[in-house]
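Below is the file entry07.txt, which contains compact mmCIF, N, CA and C atoms.
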# COMPACT_ATOMS: atom_id res chain seq x y z
N MET Z 336 13.91 14.92 12.74
CA MET Z 336 13.26 15.17 11.47
C MET Z 336 14.22 14.85 10.32
N LYS Z 337 13.70 14.30 9.25
CA LYS Z 337 14.53 13.94 8.11
C LYS Z 337 14.88 15.19 7.30
N LEU Z 338 16.06 15.14 6.68
CA LEU Z 338 16.45 16.26 5.82
C LEU Z 338 15.70 16.23 4.50
N PHE Z 339 15.55 15.03 3.92
CA PHE Z 339 14.90 14.91 2.62
C PHE Z 339 13.67 14.03 2.75
N ARG Z 340 12.62 14.42 2.05
CA ARG Z 340 11.40 13.62 2.05
C ARG Z 340 11.55 12.46 1.07
N TYR Z 341 10.80 11.37 1.35
CA TYR Z 341 10.81 10.23 0.44
C TYR Z 341 10.07 10.58 -0.85
N ARG Z 342 8.96 11.29 -0.70
CA ARG Z 342 8.18 11.71 -1.87
C ARG Z 342 7.98 13.21 -1.82
N LYS Z 343 7.75 13.81 -2.97
CA LYS Z 343 7.48 15.24 -2.98
C LYS Z 343 6.06 15.48 -2.49
N PRO Z 344 5.80 16.59 -1.82
CA PRO Z 344 4.45 16.86 -1.32
C PRO Z 344 3.48 17.15 -2.46
N SER Z 345 2.22 16.83 -2.23
CA SER Z 345 1.21 17.08 -3.26
C SER Z 345 0.87 18.57 -3.31
N LEU Z 346 0.17 18.94 -4.35
CA LEU Z 346 -0.23 20.34 -4.52
C LEU Z 346 -1.16 20.77 -3.38
N ASN Z 347 -2.08 19.88 -2.98
CA ASN Z 347 -2.99 20.19 -1.87
C ASN Z 347 -2.22 20.46 -0.58
N THR Z 348 -1.17 19.69 -0.33
CA THR Z 348 -0.37 19.90 0.88
C THR Z 348 0.36 21.22 0.81
N ILE Z 349 0.91 21.55 -0.34
CA ILE Z 349 1.63 22.81 -0.50
C ILE Z 349 0.70 24.00 -0.30
N LEU Z 350 -0.51 23.91 -0.85
CA LEU Z 350 -1.47 25.02 -0.75
C LEU Z 350 -2.16 25.10 0.61
N GLY Z 351 -2.00 24.06 1.45
CA GLY Z 351 -2.61 24.07 2.78
C GLY Z 351 -4.02 23.54 2.81
N ILE Z 352 -4.48 22.95 1.71
CA ILE Z 352 -5.85 22.43 1.65
C ILE Z 352 -6.00 21.22 2.57
N THR Z 353 -4.99 20.36 2.60
CA THR Z 353 -5.05 19.17 3.44
C THR Z 353 -5.17 19.55 4.91
N LYS Z 354 -4.40 20.52 5.34
CA LYS Z 354 -4.43 20.95 6.74
C LYS Z 354 -5.79 21.56 7.08
N ALA Z 355 -6.35 22.35 6.16
CA ALA Z 355 -7.66 22.96 6.40
C ALA Z 355 -8.75 21.89 6.52
N LYS Z 356 -8.69 20.87 5.66
CA LYS Z 356 -9.68 19.79 5.74
C LYS Z 356 -9.58 19.04 7.06
N ARG Z 357 -8.35 18.75 7.50
CA ARG Z 357 -8.16 18.06 8.77
C ARG Z 357 -8.70 18.88 9.93
N GLN Z 358 -8.43 20.19 9.92
CA GLN Z 358 -8.92 21.05 10.99
C GLN Z 358 -10.45 21.11 11.00
N ALA Z 359 -11.07 21.16 9.81
CA ALA Z 359 -12.53 21.19 9.73
C ALA Z 359 -13.14 19.90 10.26
N LYS Z 360 -12.55 18.76 9.87
CA LYS Z 360 -13.07 17.48 10.36
C LYS Z 360 -12.93 17.36 11.86
N LYS Z 361 -11.83 17.85 12.39
CA LYS Z 361 -11.62 17.79 13.83
C LYS Z 361 -12.62 18.70 14.56
N ALA Z 362 -12.87 19.88 14.00
CA ALA Z 362 -13.80 20.82 14.62
C ALA Z 362 -15.24 20.28 14.58
N LEU Z 363 -15.60 19.59 13.52
CA LEU Z 363 -16.96 19.05 13.39
C LEU Z 363 -17.16 17.76 14.19
N GLY Z 364 -16.07 17.16 14.65
CA GLY Z 364 -16.19 15.93 15.42
C GLY Z 364 -16.31 14.68 14.58
N ILE Z 365 -15.93 14.78 13.31
CA ILE Z 365 -16.04 13.62 12.42
C ILE Z 365 -15.07 12.53 12.85
N TYR Z 366 -13.88 12.93 13.33
CA TYR Z 366 -12.90 11.93 13.76
C TYR Z 366 -13.39 11.13 14.96
N ASN Z 367 -14.19 11.75 15.83
CA ASN Z 367 -14.72 11.02 16.98
C ASN Z 367 -15.69 9.93 16.52
N VAL Z 368 -16.46 10.21 15.47
CA VAL Z 368 -17.40 9.22 14.94
C VAL Z 368 -16.65 8.08 14.24
N THR Z 369 -15.68 8.44 13.41
CA THR Z 369 -14.95 7.40 12.68
C THR Z 369 -14.10 6.57 13.62
N LYS Z 370 -13.65 7.16 14.73
CA LYS Z 370 -12.88 6.39 15.71
C LYS Z 370 -13.72 5.24 16.25
N ILE Z 371 -15.00 5.51 16.51
CA ILE Z 371 -15.91 4.48 17.02
C ILE Z 371 -16.22 3.45 15.93
N LEU Z 372 -16.46 3.92 14.72
CA LEU Z 372 -16.81 3.01 13.63
C LEU Z 372 -15.64 2.10 13.23
N ASN Z 373 -14.41 2.61 13.34
CA ASN Z 373 -13.24 1.83 12.93
C ASN Z 373 -12.66 0.99 14.05
N ALA Z 374 -13.21 1.09 15.25
CA ALA Z 374 -12.65 0.38 16.40
C ALA Z 374 -12.56 -1.13 16.20
N PRO Z 375 -13.59 -1.80 15.66
CA PRO Z 375 -13.47 -3.26 15.49
C PRO Z 375 -12.33 -3.66 14.54
N GLN Z 376 -12.19 -2.96 13.42
CA GLN Z 376 -11.13 -3.29 12.47
C GLN Z 376 -9.75 -3.00 13.09
N ASN Z 377 -9.65 -1.89 13.83
CA ASN Z 377 -8.38 -1.56 14.46
C ASN Z 377 -8.01 -2.59 15.52
N PHE Z 378 -9.00 -3.07 16.27
CA PHE Z 378 -8.75 -4.08 17.29
C PHE Z 378 -8.26 -5.37 16.65
N LYS Z 379 -8.92 -5.77 15.57
CA LYS Z 379 -8.53 -7.00 14.87
C LYS Z 379 -7.10 -6.87 14.34
N ARG Z 380 -6.77 -5.73 13.75
CA ARG Z 380 -5.43 -5.50 13.21
C ARG Z 380 -4.39 -5.51 14.33
N ARG Z 381 -4.73 -4.91 15.48
CA ARG Z 381 -3.81 -4.87 16.61
C ARG Z 381 -3.51 -6.29 17.12
N ILE Z 382 -4.55 -7.12 17.22
CA ILE Z 382 -4.37 -8.50 17.66
C ILE Z 382 -3.50 -9.27 16.67
N LEU Z 383 -3.78 -9.13 15.38
CA LEU Z 383 -2.99 -9.82 14.37
C LEU Z 383 -1.53 -9.39 14.41
N ARG Z 384 -1.29 -8.09 14.63
CA ARG Z 384 0.07 -7.59 14.69
C ARG Z 384 0.81 -8.16 15.90
N LYS Z 385 0.12 -8.23 17.06
CA LYS Z 385 0.75 -8.75 18.27
C LYS Z 385 1.05 -10.24 18.17
N THR Z 386 0.22 -10.98 17.44
CA THR Z 386 0.44 -12.42 17.31
C THR Z 386 1.44 -12.75 16.20
N GLY Z 387 1.92 -11.75 15.47
CA GLY Z 387 2.94 -11.98 14.46
C GLY Z 387 2.40 -12.31 13.09
N TYR Z 388 1.14 -12.01 12.82
CA TYR Z 388 0.53 -12.33 11.53
C TYR Z 388 1.21 -11.59 10.38
N TYR Z 389 1.69 -10.37 10.66
CA TYR Z 389 2.32 -9.55 9.61
C TYR Z 389 3.83 -9.70 9.57
N SER Z 390 4.41 -10.65 10.32
CA SER Z 390 5.86 -10.83 10.31
C SER Z 390 6.30 -11.48 9.00
N GLU Z 391 7.56 -11.35 8.69
CA GLU Z 391 8.08 -11.88 7.43
C GLU Z 391 7.89 -13.40 7.30
N PRO Z 392 8.17 -14.20 8.34
CA PRO Z 392 7.95 -15.64 8.18
C PRO Z 392 6.48 -15.99 7.90
N MET Z 393 5.57 -15.30 8.57
CA MET Z 393 4.14 -15.58 8.33
C MET Z 393 3.72 -15.14 6.94
N LYS Z 394 4.27 -14.03 6.46
CA LYS Z 394 3.96 -13.60 5.09
C LYS Z 394 4.44 -14.64 4.09
N MET Z 395 5.62 -15.23 4.37
CA MET Z 395 6.13 -16.28 3.48
C MET Z 395 5.23 -17.51 3.50
N LEU Z 396 4.74 -17.87 4.68
CA LEU Z 396 3.84 -19.02 4.77
C LEU Z 396 2.55 -18.77 4.00
N ARG Z 397 2.03 -17.55 4.10
CA ARG Z 397 0.77 -17.23 3.42
C ARG Z 397 0.95 -17.13 1.91
N ASN Z 398 1.99 -16.45 1.48
CA ASN Z 398 2.16 -16.15 0.05
C ASN Z 398 3.07 -17.12 -0.67
N GLY Z 399 3.76 -17.97 0.04
CA GLY Z 399 4.73 -18.86 -0.57
C GLY Z 399 6.09 -18.19 -0.65
N ALA Z 400 7.11 -18.97 -0.90
CA ALA Z 400 8.46 -18.44 -0.99
C ALA Z 400 8.58 -17.55 -2.22
N PRO Z 401 9.44 -16.54 -2.15
CA PRO Z 401 9.63 -15.68 -3.32
C PRO Z 401 10.22 -16.47 -4.48
N LYS Z 402 9.75 -16.17 -5.66
CA LYS Z 402 10.22 -16.88 -6.85
C LYS Z 402 11.35 -16.09 -7.50
N PRO Z 403 12.31 -16.78 -8.09
CA PRO Z 403 13.41 -16.05 -8.74
C PRO Z 403 12.86 -15.22 -9.89
N GLY Z 404 13.18 -13.96 -9.89
CA GLY Z 404 12.69 -13.08 -10.94
C GLY Z 404 11.36 -12.46 -10.60
N GLY Z 405 10.52 -13.16 -9.87
CA GLY Z 405 9.23 -12.64 -9.43
C GLY Z 405 8.39 -12.12 -10.57
N GLY Z 406 7.97 -10.89 -10.45
CA GLY Z 406 7.11 -10.27 -11.45
C GLY Z 406 7.84 -9.93 -12.72
N CYS Z 407 9.17 -9.88 -12.68
CA CYS Z 407 9.94 -9.53 -13.88
C CYS Z 407 9.72 -10.57 -14.98
N VAL Z 408 9.66 -11.83 -14.59
CA VAL Z 408 9.49 -12.90 -15.57
C VAL Z 408 8.13 -12.77 -16.24
N ILE Z 409 7.10 -12.51 -15.45
CA ILE Z 409 5.75 -12.37 -16.00
C ILE Z 409 5.68 -11.16 -16.92
N ALA Z 410 6.27 -10.05 -16.49
CA ALA Z 410 6.25 -8.84 -17.31
C ALA Z 410 7.00 -9.07 -18.62
N PHE Z 411 8.13 -9.75 -18.55
CA PHE Z 411 8.91 -10.02 -19.75
C PHE Z 411 8.12 -10.89 -20.73
N LEU Z 412 7.46 -11.92 -20.20
CA LEU Z 412 6.67 -12.79 -21.07
C LEU Z 412 5.51 -12.03 -21.70
N PHE Z 413 4.89 -11.16 -20.93
CA PHE Z 413 3.76 -10.39 -21.45
C PHE Z 413 4.21 -9.43 -22.53
N ILE Z 414 5.36 -8.78 -22.33
CA ILE Z 414 5.85 -7.80 -23.30
C ILE Z 414 6.47 -8.49 -24.51
N ALA Z 415 7.23 -9.57 -24.27
CA ALA Z 415 7.98 -10.21 -25.35
C ALA Z 415 7.15 -11.18 -26.18
N SER Z 416 6.05 -11.70 -25.64
CA SER Z 416 5.30 -12.73 -26.35
C SER Z 416 4.78 -12.28 -27.72
N PRO Z 417 4.28 -11.06 -27.91
CA PRO Z 417 3.83 -10.70 -29.27
C PRO Z 417 4.97 -10.73 -30.28
N PHE Z 418 6.17 -10.32 -29.86
CA PHE Z 418 7.30 -10.31 -30.77
C PHE Z 418 7.74 -11.72 -31.10
N VAL Z 419 7.77 -12.58 -30.09
CA VAL Z 419 8.18 -13.96 -30.31
C VAL Z 419 7.16 -14.67 -31.19
N LEU Z 420 5.88 -14.48 -30.91
CA LEU Z 420 4.85 -15.11 -31.72
C LEU Z 420 4.87 -14.58 -33.15
N GLY Z 421 5.08 -13.30 -33.28
CA GLY Z 421 5.15 -12.71 -34.62
C GLY Z 421 6.34 -13.23 -35.40
N TYR Z 422 7.44 -13.49 -34.71
CA TYR Z 422 8.64 -14.01 -35.35
C TYR Z 422 8.40 -15.42 -35.90
N PHE Z 423 7.67 -16.24 -35.11
CA PHE Z 423 7.43 -17.61 -35.55
C PHE Z 423 6.33 -17.68 -36.60
N ILE Z 424 5.40 -16.76 -36.61
CA ILE Z 424 4.30 -16.81 -37.57
C ILE Z 424 4.78 -16.39 -38.96
N PHE Z 425 5.62 -15.37 -38.99
CA PHE Z 425 6.03 -14.85 -40.31
C PHE Z 425 7.32 -15.44 -40.70
Could you rewrite the structure in this file as structure tokens?
Amino acid sequence: MKLFRYRKPSLNTILGITKAKRQAKKALGIYNVTKILNAPQNFKRRILRKTGYYSEPMKMLRNGAPKPGGGCVIAFLFIASPFVLGYFIF
């Protein structure tokens, strides 16, 4: 078990609401129904995972190589453009 959590627990988790909901769903058999309904998607995901679809090289092939700066460049242009345009207009 880890000493420190990555994120702080939510209020529902602290109050025990999440655990109560899970126990109620299990008692009512809702998880048995959703297990059947989600089986096709889970099977597809399992096959994709085994064939390496989610591996880093395949992600690079699908999404393209990472760009220098990535989203930082776009965010900078979006934030800085009004100031730059305002500077040139006035």
What is the atom C of Pro401 of chain Z-atom C of Arg384 of chain Z distance in Å, reported with one decimal?
->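 About the pair atom C of Pro401 of chain Z and atom C of Arg384 of chain Z: they are 23.9 Å apart.
Computed from the coordinates, the atom N of Lys385 of chain Z to atom CA of Lys370 of chain Z distance equals 19.6 Å.
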State, in Å with one decimal place, the distance from atom N of Leu346 of chain Z to atom CA of Lys361 of chain Z.
->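 Rounded to one decimal, the two atoms are 21.7 Å apart.
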